[in-house]
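Peer 1: Dropping a structure here in structure tokens format, bear with me for questions.
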Amino acid sequence: MRPVAVSQDDLRHLARCVELAREALEAGDEPFGSVLVDGAGSVLFEDRNRVRDGDRTRHPEFEIARWAAEHLTPDQRADATVYTSGEHCPMCAAAHGWVGLGRIVYAVSSAELQSWRAQWGAPAGPVAPLPIATVVPDAVVAGPAPELTEVMRALHRGSVTRATGGV
């Protein structure tokens, strides 16, 4: 499935994801943030990355899937949209699919992040950066949002610099 364009309303929610990613970086974590919005446009849940203490599954998209499974009906989950600063990793995409969440909108793709990290000489992650649609073939996906590329690149560069001592 081919990703679709990001709307102005999507950009508003993605801007909050970027704020959450910045909060994560400032807290010593990797810069990722995500927001769950219901079918009427109300924010239901938001979170940021929390992997710094050793649990590498503490991605905000995974937390959204857990929260949605506990608090929303299947129909509400299907009508919801997950906004995220970075395209879901395979673990988070699988959780999204298993829980039955609706549309996914991301600011930067896994391919973009992988390319940046390679340019900076940072090590690759332990999991292949698969596109969401490879993991969840019927997912409705929008992204990336070029308007947010530079700010997200700067946040990730800051994260790599902190982790490696220089870029």
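By convention here, the chains of the structure tokens are called A, B, ... in the order presented, each chain's residues are numbered starting at 1, and ligands are numbered starting at 1 in the order presented.
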So that I can see what lies close to region 27-32 of chain A, please list as a short mmCIF file (atom, residue, chain, number, x, y, z; two decimals) with C-alpha atoms, in the first residue's frame the residues with an atom at most 6 Å from it, counting only C-alpha atoms and leaving out residues fewer than 3 positions away in the same chain.

Peer 2:
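Result saved to part_4.cif:
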```cif
data_model
loop_
_atom_site.label_atom_id
_atom_site.label_comp_id
_atom_site.auth_asym_id
_atom_site.auth_seq_id
_atom_site.Cartn_x
_atom_site.Cartn_y
_atom_site.Cartn_z
CA ALA A 21 9.88 13.62 21.04
CA ARG A 22 11.70 16.72 22.28
CA ALA A 24 11.87 12.41 25.47
CA ARG A 48 6.89 9.53 24.54
CA ASN A 49 9.74 7.06 24.31
CA ARG A 52 16.47 4.62 28.61
CA SER A 85 7.03 11.36 15.12
#
```

Peer 1: Need to verify the contact set: Phe62 (chain A), 12 Å, only C-alpha atoms, exclusion of same-chain residues closer than 6 positions in sequence. Can you return it as a VMD selection string?

Peer 2: chain A and resid 32 to 36 45 to 51 56 68 to 69 82 84 88 to 99 101

Peer 1: Which polymer residues have any atom within 7 Å of an atom of region 143-155 of chain A, counting only C-alpha atoms, with same-chain residues fewer than 4 positions away left out, as a PyMOL selection string?

Peer 2: chain A and resi 3-6+22+31+105-109+159

Peer 1: Using the selection just defined, write its residues with N, CA, C and O atoms as a compact mmCIF listing (two decimals), in the first residue's frame.

Peer 2:
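Generated output (again23.txt):
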```
# COMPACT_ATOMS: atom_id res chain seq x y z
N PRO A 3 1.86 5.07 0.82
CA PRO A 3 1.49 6.10 1.79
C PRO A 3 0.75 7.26 1.12
O PRO A 3 0.99 7.56 -0.05
N VAL A 4 -0.15 7.87 1.86
CA VAL A 4 -0.92 9.00 1.34
C VAL A 4 -0.46 10.30 2.00
O VAL A 4 0.27 10.28 2.99
N ALA A 5 -0.92 11.40 1.45
CA ALA A 5 -0.50 12.72 1.91
C ALA A 5 -0.97 13.01 3.33
O ALA A 5 -1.97 12.46 3.81
N VAL A 6 -0.26 13.91 3.97
CA VAL A 6 -0.56 14.37 5.33
C VAL A 6 -1.33 15.68 5.21
O VAL A 6 -0.91 16.59 4.50
N ARG A 22 10.75 15.80 21.66
CA ARG A 22 11.70 16.72 22.28
C ARG A 22 11.75 16.47 23.79
O ARG A 22 12.82 16.44 24.40
N PRO A 31 14.29 10.31 20.79
CA PRO A 31 13.24 11.29 20.46
C PRO A 31 12.09 10.73 19.62
O PRO A 31 12.05 10.87 18.40
N VAL A 105 -0.31 8.00 10.99
CA VAL A 105 0.30 9.16 10.34
C VAL A 105 1.64 9.41 11.01
O VAL A 105 1.71 9.55 12.22
N TYR A 106 2.70 9.45 10.21
CA TYR A 106 4.03 9.65 10.78
C TYR A 106 4.74 10.83 10.15
O TYR A 106 4.50 11.19 9.00
N ALA A 107 5.66 11.43 10.94
CA ALA A 107 6.42 12.59 10.48
C ALA A 107 7.61 12.18 9.62
O ALA A 107 7.83 12.77 8.56
N VAL A 108 8.41 11.22 10.09
CA VAL A 108 9.57 10.75 9.32
C VAL A 108 9.51 9.23 9.19
O VAL A 108 9.03 8.54 10.09
N SER A 109 9.99 8.74 8.06
CA SER A 109 9.94 7.30 7.79
C SER A 109 11.12 6.58 8.44
O SER A 109 12.15 7.19 8.76
N SER A 159 20.28 12.99 19.70
CA SER A 159 20.25 11.70 20.38
C SER A 159 21.50 10.87 20.05
O SER A 159 22.13 10.29 20.95
```

Peer 1: Between A:Trp120, A:Asp9, A:Gly86, A:Gln114, which residue has the minimum interatomic distance to Ala163 (chain A), considering only C-alpha atoms?

Peer 2: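 So, comparing all the options, the nearest one is A:Trp120.
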
Peer 1: For Ile64 (chain A), which residue among A:Leu130, A:Ile104, A:Leu25, A:Ala40 is the nearest when counting only C-alpha atoms?

Peer 2: A:Ile104

Peer 1: Could you go through region 22-117 of chain A and tell me which residues DSSP, when run on the backbone, assigns to helix (DSSP H, G or I), listing them as a ChimeraX atom specification?

Peer 2: /A:22-26,60-71,74-79,90-99,110-117

Peer 1: Give me the residues within 7 Å of Arg77 (chain A) as a PyMOL selection string, counting only C-alpha atoms and dropping any in the same chain fewer than 3 places off.

Peer 2: chain A and resi 68+72-74+80+100-102

Peer 1: Between CA of Thr57 (chain A) and CA of Arg157 (chain A), what is the spacing in Å?

Peer 2: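 Going from CA of Arg157 (chain A) over to CA of Thr57 (chain A), I get 21.5 Å.
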
Peer 1: Using only C-alpha atoms, find the one residue out of A:Val141, A:Pro131, A:His156, A:Ser7 that sits nearest to Trp116 (chain A).

Peer 2: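 Using only C-alpha atoms, the shortest distance to Trp116 (chain A) belongs to A:His156.
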
Peer 1: Which one of A:Val135, A:Ala122, A:Val140, A:Leu11 sits closest to Gly158 (chain A) if you count only C-alpha atoms?

Peer 2: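 The shortest atom-to-atom distance to Gly158 (chain A) comes from A:Ala122.
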